[in-house]
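Peer 1: After the C-alpha cells below, expect a handful of questions from me.
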Amino acid sequence: MDDRAKRIRRNRVGGKADTAQVDLTAVVVAVSDNQPCVLTIGQADALPSGPLALEHRSLQTGLRAWVEEQTGHPLGYIEQLYTFADRDRIGTGREQRVISISYLALTRKEHAAGSSRCGWRSWYDYFPWEDHRSGTPAVVLDVLRPRLIKWADRAGDAAMRRESRQRAAIAFGFDDRDWNEELTLQRYELLYEAGLVEEARRGRDATPPPVPDKSMAADHRRILATGIARLRSKIKYRPVVFELMPPVFTLLHLQRTVEALAGRLINKPNFRRLVEQQELVEETGETTTDTGGRPAKLFRFRRAVLDDRAVVGTKLPLARA
C-alpha cells in the first residue's frame, strides 16, 4: 500500500462527501494466573489503537508507536490479523468509514509498564461462553441456547429456521455436537446477528441484552474475537505459546497456559509426550518447589527448533481430555 492509499481519504459519491479513516488496532495478549488477558485502555474497554499517520514508516511502526504511547508497553512478537471496514459496525454516528487494520501481539504481563491509562482484563470477561475448562458454562445452556432457539424460530420460513438452528448448534455445540474452540468469531457474529450482544443494539434499542458479558468500544470485541480464534488455531501448529512463557517454566505451567488460551483441558500424559517428542523444550538442570508438591523440573524453550526445517510440523495439538 503506497502512502496515498494509507492516508485518510475524502471521496465524493453522487455529490455526497464520505470519509475513510485508517486505524491500527492491537490485540495484546498475555497469560497470568491461568487467565488469558488482553490489554485495554481508558474506561470504555477499548483495545490500543490510533490512526495511521504520515510519519509512520510502516503499518507495524505505527502500531508499535500507538501501543507504546497509550500503554507504555513495547511490543515484541506481532502478526497482522485482519482488516475490518464494515461501515455499520463502528457506531460513530458520522458519515465516516473506519478501516481497522488489526494485529495480534503476544507478550508477558510483567513486561507492561503499568500505565494508569491501561489495564489487563481476562478475555473471558468479554466472552464468558468461551471458557470450558470446568465444563460447559451455565450461560451457554441457561441463556444462549433458549435465546438462540427463539431467534431462529423467528426466521422467515421453515428452511431459514432450520438453517439458523443448525448454525447455532454448530457454533455452540448444541444437540450433542462437539465444541470447537476455534469458532470464537463465528459465535460472536451469530450473537451479534441475533441481537444478543450490546454492540448490536447501539443506537437501535435501549434494552440491555440478556447475556451477562462486557461489551467493548466500537467494534473492538469483534477484533478481539478474531485474535482469540487465530491464537487458538495457531498454538496447534506453531510454537507461539512460548512467546507468553517466562524464560524457564515447568511442563505443568506450559500445559495450564495452553489450556487457558484454548478454554478447555488437555490430557496431561499426551501433552507431555507431544512436547518431548517434538523436542520443543530442554531441561535446565534445575527444579522448583513453587508447584506445592514434589520438586518439579524446570524447562526452557529450545530456540533452535525455529531454525530446524521440521518447524513446519512443530505443533502443540490440543489433546482431548
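Ordering of the C-alpha cells sets the chain letters (A, B, ...); residue numbers start at 1 within each chain; ligands are numbered from 1 in the order shown.
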Can you tell me which residues surround Leu81 in chain A at a distance of at most 12 Å, considering only C-alpha atoms, apart from same-chain residues fewer than 4 positions away, and format the answer as a list in words?
Peer 2: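 Everything that qualifies: Leu24, Thr25, Ala26, Val27, Val28, Gln60, Ser100, Ile101, Ser102, Tyr103, Leu104, Ala105, Arg222, Ile223, Leu224, Ala225, Thr226, Gly227, Ile228, Ala229, Arg230, Leu231 and Lys234 of chain A.
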Peer 1: Can you pull out every residue from range 110-204 of chain A that DSSP, working from the backbone, puts in helix (DSSP H, G or I), and format the result as a PDB file with N, CA, C and O atoms, in the first residue's frame?
Peer 2:
ATOM      1  N   GLU A 110       4.161  -9.185  33.021  1.00  0.00           N
ATOM      2  CA  GLU A 110       5.117  -8.447  33.844  1.00  0.00           C
ATOM      3  C   GLU A 110       5.948  -7.467  33.036  1.00  0.00           C
ATOM      4  O   GLU A 110       6.634  -6.628  33.597  1.00  0.00           O
ATOM      5  N   HIS A 111       5.887  -7.560  31.697  1.00  0.00           N
ATOM      6  CA  HIS A 111       6.633  -6.624  30.853  1.00  0.00           C
ATOM      7  C   HIS A 111       5.923  -5.276  30.716  1.00  0.00           C
ATOM      8  O   HIS A 111       6.497  -4.321  30.245  1.00  0.00           O
ATOM      9  N   TRP A 123      -9.903 -12.247  28.920  1.00  0.00           N
ATOM     10  CA  TRP A 123     -10.771 -12.170  27.748  1.00  0.00           C
ATOM     11  C   TRP A 123     -12.080 -12.925  27.967  1.00  0.00           C
ATOM     12  O   TRP A 123     -13.049 -12.747  27.231  1.00  0.00           O
ATOM     13  N   TYR A 124     -12.143 -13.739  29.032  1.00  0.00           N
ATOM     14  CA  TYR A 124     -13.406 -14.405  29.338  1.00  0.00           C
ATOM     15  C   TYR A 124     -14.413 -13.458  29.985  1.00  0.00           C
ATOM     16  O   TYR A 124     -15.587 -13.810  30.118  1.00  0.00           O
ATOM     17  N   ASP A 125     -13.973 -12.262  30.411  1.00  0.00           N
ATOM     18  CA  ASP A 125     -14.939 -11.236  30.833  1.00  0.00           C
ATOM     19  C   ASP A 125     -15.800 -10.799  29.651  1.00  0.00           C
ATOM     20  O   ASP A 125     -16.975 -10.460  29.812  1.00  0.00           O
ATOM     21  N   PRO A 128     -17.717 -14.937  28.125  1.00  0.00           N
ATOM     22  CA  PRO A 128     -17.843 -15.938  29.199  1.00  0.00           C
ATOM     23  C   PRO A 128     -18.241 -17.318  28.693  1.00  0.00           C
ATOM     24  O   PRO A 128     -17.993 -18.317  29.371  1.00  0.00           O
ATOM     25  N   TRP A 129     -18.822 -17.388  27.501  1.00  0.00           N
ATOM     26  CA  TRP A 129     -19.222 -18.679  26.940  1.00  0.00           C
ATOM     27  C   TRP A 129     -18.043 -19.452  26.351  1.00  0.00           C
ATOM     28  O   TRP A 129     -18.200 -20.595  25.932  1.00  0.00           O
ATOM     29  N   GLU A 130     -16.851 -18.850  26.314  1.00  0.00           N
ATOM     30  CA  GLU A 130     -15.697 -19.481  25.676  1.00  0.00           C
ATOM     31  C   GLU A 130     -14.840 -20.321  26.623  1.00  0.00           C
ATOM     32  O   GLU A 130     -13.969 -21.056  26.160  1.00  0.00           O
ATOM     33  N   ALA A 138     -22.609 -22.286  32.354  1.00  0.00           N
ATOM     34  CA  ALA A 138     -24.062 -22.201  32.533  1.00  0.00           C
ATOM     35  C   ALA A 138     -24.691 -21.227  31.545  1.00  0.00           C
ATOM     36  O   ALA A 138     -25.821 -21.439  31.098  1.00  0.00           O
ATOM     37  N   VAL A 139     -23.961 -20.168  31.186  1.00  0.00           N
ATOM     38  CA  VAL A 139     -24.529 -19.166  30.283  1.00  0.00           C
ATOM     39  C   VAL A 139     -24.872 -19.771  28.924  1.00  0.00           C
ATOM     40  O   VAL A 139     -25.812 -19.326  28.256  1.00  0.00           O
ATOM     41  N   VAL A 140     -24.151 -20.817  28.513  1.00  0.00           N
ATOM     42  CA  VAL A 140     -24.411 -21.438  27.214  1.00  0.00           C
ATOM     43  C   VAL A 140     -25.761 -22.144  27.217  1.00  0.00           C
ATOM     44  O   VAL A 140     -26.573 -21.980  26.295  1.00  0.00           O
ATOM     45  N   LEU A 141     -26.000 -22.955  28.251  1.00  0.00           N
ATOM     46  CA  LEU A 141     -27.228 -23.757  28.288  1.00  0.00           C
ATOM     47  C   LEU A 141     -28.416 -22.978  28.826  1.00  0.00           C
ATOM     48  O   LEU A 141     -29.548 -23.138  28.334  1.00  0.00           O
ATOM     49  N   ASP A 142     -28.188 -22.115  29.827  1.00  0.00           N
ATOM     50  CA  ASP A 142     -29.307 -21.443  30.500  1.00  0.00           C
ATOM     51  C   ASP A 142     -29.748 -20.156  29.813  1.00  0.00           C
ATOM     52  O   ASP A 142     -30.912 -19.759  29.931  1.00  0.00           O
ATOM     53  N   VAL A 143     -28.832 -19.501  29.104  1.00  0.00           N
ATOM     54  CA  VAL A 143     -29.153 -18.203  28.499  1.00  0.00           C
ATOM     55  C   VAL A 143     -29.090 -18.257  26.969  1.00  0.00           C
ATOM     56  O   VAL A 143     -30.056 -17.942  26.283  1.00  0.00           O
ATOM     57  N   LEU A 144     -27.942 -18.675  26.445  1.00  0.00           N
ATOM     58  CA  LEU A 144     -27.751 -18.583  24.997  1.00  0.00           C
ATOM     59  C   LEU A 144     -28.605 -19.582  24.225  1.00  0.00           C
ATOM     60  O   LEU A 144     -29.188 -19.223  23.192  1.00  0.00           O
ATOM     61  N   ARG A 145     -28.670 -20.812  24.681  1.00  0.00           N
ATOM     62  CA  ARG A 145     -29.437 -21.819  23.938  1.00  0.00           C
ATOM     63  C   ARG A 145     -30.905 -21.403  23.754  1.00  0.00           C
ATOM     64  O   ARG A 145     -31.395 -21.359  22.618  1.00  0.00           O
ATOM     65  N   PRO A 146     -31.651 -21.085  24.837  1.00  0.00           N
ATOM     66  CA  PRO A 146     -33.056 -20.702  24.617  1.00  0.00           C
ATOM     67  C   PRO A 146     -33.206 -19.419  23.804  1.00  0.00           C
ATOM     68  O   PRO A 146     -34.139 -19.292  23.003  1.00  0.00           O
ATOM     69  N   ARG A 147     -32.292 -18.462  23.989  1.00  0.00           N
ATOM     70  CA  ARG A 147     -32.386 -17.208  23.232  1.00  0.00           C
ATOM     71  C   ARG A 147     -32.117 -17.431  21.750  1.00  0.00           C
ATOM     72  O   ARG A 147     -32.778 -16.843  20.893  1.00  0.00           O
ATOM     73  N   LEU A 148     -31.135 -18.274  21.438  1.00  0.00           N
ATOM     74  CA  LEU A 148     -30.822 -18.539  20.035  1.00  0.00           C
ATOM     75  C   LEU A 148     -31.920 -19.359  19.366  1.00  0.00           C
ATOM     76  O   LEU A 148     -32.223 -19.154  18.184  1.00  0.00           O
ATOM     77  N   ILE A 149     -32.528 -20.279  20.099  1.00  0.00           N
ATOM     78  CA  ILE A 149     -33.655 -21.035  19.538  1.00  0.00           C
ATOM     79  C   ILE A 149     -34.826 -20.095  19.240  1.00  0.00           C
ATOM     80  O   ILE A 149     -35.458 -20.175  18.176  1.00  0.00           O
ATOM     81  N   LYS A 150     -35.079 -19.185  20.157  1.00  0.00           N
ATOM     82  CA  LYS A 150     -36.153 -18.210  19.947  1.00  0.00           C
ATOM     83  C   LYS A 150     -35.853 -17.329  18.742  1.00  0.00           C
ATOM     84  O   LYS A 150     -36.743 -17.031  17.923  1.00  0.00           O
ATOM     85  N   TRP A 151     -34.591 -16.917  18.606  1.00  0.00           N
ATOM     86  CA  TRP A 151     -34.190 -16.107  17.448  1.00  0.00           C
ATOM     87  C   TRP A 151     -34.349 -16.893  16.154  1.00  0.00           C
ATOM     88  O   TRP A 151     -34.874 -16.369  15.158  1.00  0.00           O
ATOM     89  N   ALA A 152     -33.918 -18.150  16.146  1.00  0.00           N
ATOM     90  CA  ALA A 152     -34.027 -18.974  14.945  1.00  0.00           C
ATOM     91  C   ALA A 152     -35.481 -19.188  14.549  1.00  0.00           C
ATOM     92  O   ALA A 152     -35.817 -19.191  13.355  1.00  0.00           O
ATOM     93  N   ASP A 153     -36.347 -19.344  15.531  1.00  0.00           N
ATOM     94  CA  ASP A 153     -37.757 -19.598  15.246  1.00  0.00           C
ATOM     95  C   ASP A 153     -38.472 -18.383  14.673  1.00  0.00           C
ATOM     96  O   ASP A 153     -39.597 -18.502  14.168  1.00  0.00           O
ATOM     97  N   ALA A 158     -39.511 -22.063   6.932  1.00  0.00           N
ATOM     98  CA  ALA A 158     -39.031 -23.283   7.571  1.00  0.00           C
ATOM     99  C   ALA A 158     -37.568 -23.553   7.247  1.00  0.00           C
ATOM    100  O   ALA A 158     -36.796 -23.980   8.117  1.00  0.00           O
ATOM    101  N   ALA A 159     -37.168 -23.320   5.998  1.00  0.00           N
ATOM    102  CA  ALA A 159     -35.778 -23.566   5.601  1.00  0.00           C
ATOM    103  C   ALA A 159     -34.828 -22.638   6.347  1.00  0.00           C
ATOM    104  O   ALA A 159     -33.759 -23.070   6.824  1.00  0.00           O
ATOM    105  N   MET A 160     -35.189 -21.359   6.471  1.00  0.00           N
ATOM    106  CA  MET A 160     -34.340 -20.407   7.191  1.00  0.00           C
ATOM    107  C   MET A 160     -34.285 -20.749   8.673  1.00  0.00           C
ATOM    108  O   MET A 160     -33.242 -20.585   9.315  1.00  0.00           O
ATOM    109  N   ARG A 161     -35.393 -21.220   9.224  1.00  0.00           N
ATOM    110  CA  ARG A 161     -35.399 -21.609  10.632  1.00  0.00           C
ATOM    111  C   ARG A 161     -34.476 -22.794  10.873  1.00  0.00           C
ATOM    112  O   ARG A 161     -33.720 -22.827  11.851  1.00  0.00           O
ATOM    113  N   ARG A 162     -34.513 -23.775   9.982  1.00  0.00           N
ATOM    114  CA  ARG A 162     -33.624 -24.928  10.114  1.00  0.00           C
ATOM    115  C   ARG A 162     -32.161 -24.500   9.990  1.00  0.00           C
ATOM    116  O   ARG A 162     -31.300 -24.960  10.746  1.00  0.00           O
ATOM    117  N   GLU A 163     -31.886 -23.622   9.029  1.00  0.00           N
ATOM    118  CA  GLU A 163     -30.518 -23.163   8.836  1.00  0.00           C
ATOM    119  C   GLU A 163     -30.013 -22.401  10.058  1.00  0.00           C
ATOM    120  O   GLU A 163     -28.873 -22.588  10.491  1.00  0.00           O
ATOM    121  N   SER A 164     -30.853 -21.532  10.612  1.00  0.00           N
ATOM    122  CA  SER A 164     -30.453 -20.749  11.783  1.00  0.00           C
ATOM    123  C   SER A 164     -30.203 -21.647  12.982  1.00  0.00           C
ATOM    124  O   SER A 164     -29.236 -21.461  13.739  1.00  0.00           O
ATOM    125  N   ARG A 165     -31.046 -22.638  13.177  1.00  0.00           N
ATOM    126  CA  ARG A 165     -30.850 -23.574  14.285  1.00  0.00           C
ATOM    127  C   ARG A 165     -29.564 -24.370  14.097  1.00  0.00           C
ATOM    128  O   ARG A 165     -28.824 -24.617  15.055  1.00  0.00           O
ATOM    129  N   GLN A 166     -29.300 -24.770  12.864  1.00  0.00           N
ATOM    130  CA  GLN A 166     -28.092 -25.539  12.594  1.00  0.00           C
ATOM    131  C   GLN A 166     -26.847 -24.699  12.836  1.00  0.00           C
ATOM    132  O   GLN A 166     -25.855 -25.183  13.404  1.00  0.00           O
ATOM    133  N   ARG A 167     -26.857 -23.437  12.426  1.00  0.00           N
ATOM    134  CA  ARG A 167     -25.723 -22.559  12.666  1.00  0.00           C
ATOM    135  C   ARG A 167     -25.442 -22.429  14.154  1.00  0.00           C
ATOM    136  O   ARG A 167     -24.285 -22.472  14.601  1.00  0.00           O
ATOM    137  N   ALA A 168     -26.501 -22.261  14.950  1.00  0.00           N
ATOM    138  CA  ALA A 168     -26.339 -22.139  16.400  1.00  0.00           C
ATOM    139  C   ALA A 168     -25.803 -23.436  16.999  1.00  0.00           C
ATOM    140  O   ALA A 168     -24.928 -23.411  17.879  1.00  0.00           O
ATOM    141  N   ALA A 169     -26.298 -24.568  16.513  1.00  0.00           N
ATOM    142  CA  ALA A 169     -25.858 -25.862  17.037  1.00  0.00           C
ATOM    143  C   ALA A 169     -24.393 -26.108  16.739  1.00  0.00           C
ATOM    144  O   ALA A 169     -23.639 -26.584  17.603  1.00  0.00           O
ATOM    145  N   ILE A 170     -23.963 -25.784  15.518  1.00  0.00           N
ATOM    146  CA  ILE A 170     -22.562 -25.986  15.146  1.00  0.00           C
ATOM    147  C   ILE A 170     -21.654 -25.046  15.938  1.00  0.00           C
ATOM    148  O   ILE A 170     -20.607 -25.451  16.450  1.00  0.00           O
ATOM    149  N   ALA A 171     -22.058 -23.789  16.058  1.00  0.00           N
ATOM    150  CA  ALA A 171     -21.212 -22.797  16.722  1.00  0.00           C
ATOM    151  C   ALA A 171     -21.066 -23.071  18.210  1.00  0.00           C
ATOM    152  O   ALA A 171     -19.966 -22.955  18.770  1.00  0.00           O
ATOM    153  N   PHE A 172     -22.167 -23.458  18.872  1.00  0.00           N
ATOM    154  CA  PHE A 172     -22.162 -23.583  20.335  1.00  0.00           C
ATOM    155  C   PHE A 172     -22.188 -25.024  20.832  1.00  0.00           C
ATOM    156  O   PHE A 172     -22.254 -25.253  22.040  1.00  0.00           O
ATOM    157  N   THR A 184     -14.569 -18.972  17.730  1.00  0.00           N
ATOM    158  CA  THR A 184     -14.852 -17.811  18.582  1.00  0.00           C
ATOM    159  C   THR A 184     -15.512 -16.679  17.806  1.00  0.00           C
ATOM    160  O   THR A 184     -16.512 -16.103  18.261  1.00  0.00           O
ATOM    161  N   LEU A 185     -14.971 -16.338  16.650  1.00  0.00           N
ATOM    162  CA  LEU A 185     -15.530 -15.241  15.861  1.00  0.00           C
ATOM    163  C   LEU A 185     -16.912 -15.598  15.348  1.00  0.00           C
ATOM    164  O   LEU A 185     -17.827 -14.756  15.384  1.00  0.00           O
ATOM    165  N   GLN A 186     -17.112 -16.819  14.869  1.00  0.00           N
ATOM    166  CA  GLN A 186     -18.431 -17.225  14.372  1.00  0.00           C
ATOM    167  C   GLN A 186     -19.479 -17.134  15.477  1.00  0.00           C
ATOM    168  O   GLN A 186     -20.625 -16.730  15.220  1.00  0.00           O
ATOM    169  N   ARG A 187     -19.110 -17.503  16.703  1.00  0.00           N
ATOM    170  CA  ARG A 187     -20.072 -17.420  17.805  1.00  0.00           C
ATOM    171  C   ARG A 187     -20.441 -15.974  18.102  1.00  0.00           C
ATOM    172  O   ARG A 187     -21.619 -15.645  18.295  1.00  0.00           O
ATOM    173  N   TYR A 188     -19.434 -15.099  18.143  1.00  0.00           N
ATOM    174  CA  TYR A 188     -19.736 -13.687  18.422  1.00  0.00           C
ATOM    175  C   TYR A 188     -20.584 -13.089  17.304  1.00  0.00           C
ATOM    176  O   TYR A 188     -21.541 -12.344  17.565  1.00  0.00           O
ATOM    177  N   GLU A 189     -20.263 -13.394  16.056  1.00  0.00           N
ATOM    178  CA  GLU A 189     -21.024 -12.857  14.933  1.00  0.00           C
ATOM    179  C   GLU A 189     -22.470 -13.352  14.966  1.00  0.00           C
ATOM    180  O   GLU A 189     -23.405 -12.613  14.630  1.00  0.00           O
ATOM    181  N   LEU A 190     -22.667 -14.604  15.378  1.00  0.00           N
ATOM    182  CA  LEU A 190     -24.024 -15.139  15.485  1.00  0.00           C
ATOM    183  C   LEU A 190     -24.813 -14.414  16.570  1.00  0.00           C
ATOM    184  O   LEU A 190     -25.978 -14.061  16.381  1.00  0.00           O
ATOM    185  N   LEU A 191     -24.173 -14.159  17.709  1.00  0.00           N
ATOM    186  CA  LEU A 191     -24.835 -13.427  18.785  1.00  0.00           C
ATOM    187  C   LEU A 191     -25.127 -11.985  18.366  1.00  0.00           C
ATOM    188  O   LEU A 191     -26.162 -11.412  18.746  1.00  0.00           O
ATOM    189  N   TYR A 192     -24.231 -11.410  17.582  1.00  0.00           N
ATOM    190  CA  TYR A 192     -24.460 -10.055  17.061  1.00  0.00           C
ATOM    191  C   TYR A 192     -25.685 -10.068  16.140  1.00  0.00           C
ATOM    192  O   TYR A 192     -26.570  -9.208  16.243  1.00  0.00           O
ATOM    193  N   GLU A 193     -25.723 -11.028  15.234  1.00  0.00           N
ATOM    194  CA  GLU A 193     -26.839 -11.123  14.291  1.00  0.00           C
ATOM    195  C   GLU A 193     -28.159 -11.334  15.026  1.00  0.00           C
ATOM    196  O   GLU A 193     -29.205 -10.812  14.614  1.00  0.00           O
ATOM    197  N   GLU A 198     -24.471  -6.264  23.308  1.00  0.00           N
ATOM    198  CA  GLU A 198     -24.767  -4.830  23.396  1.00  0.00           C
ATOM    199  C   GLU A 198     -24.383  -4.076  22.137  1.00  0.00           C
ATOM    200  O   GLU A 198     -25.066  -3.128  21.723  1.00  0.00           O
ATOM    201  N   GLU A 199     -23.278  -4.478  21.491  1.00  0.00           N
ATOM    202  CA  GLU A 199     -22.823  -3.762  20.301  1.00  0.00           C
ATOM    203  C   GLU A 199     -23.867  -3.762  19.197  1.00  0.00           C
ATOM    204  O   GLU A 199     -23.947  -2.812  18.408  1.00  0.00           O
ATOM    205  N   ALA A 200     -24.679  -4.816  19.124  1.00  0.00           N
ATOM    206  CA  ALA A 200     -25.693  -4.912  18.069  1.00  0.00           C
ATOM    207  C   ALA A 200     -26.869  -3.980  18.315  1.00  0.00           C
ATOM    208  O   ALA A 200     -27.652  -3.709  17.394  1.00  0.00           O
ATOM    209  N   ARG A 201     -27.010  -3.465  19.538  1.00  0.00           N
ATOM    210  CA  ARG A 201     -28.172  -2.651  19.887  1.00  0.00           C
ATOM    211  C   ARG A 201     -27.862  -1.167  19.991  1.00  0.00           C
ATOM    212  O   ARG A 201     -28.758  -0.371  20.277  1.00  0.00           O
TER     213      ARG A 201
END
Peer 1: My list of candidates is A:Leu59, A:Gln277, A:Ala296, A:Leu265. Which is closest to Leu251 in chain A when distances are computed with only C-alpha atoms?
Peer 2: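 Checking each of A:Leu59, A:Gln277, A:Ala296, A:Leu265 against Leu251 in chain A, counting only C-alpha atoms, the winner is A:Ala296.
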Peer 1: Of the candidates A:Ala46, A:Gly72, A:Gly263, A:Gly285, which shows the shortest atom-to-atom distance to Thr136 in chain A, using only C-alpha atoms?
Peer 2: A:Gly263
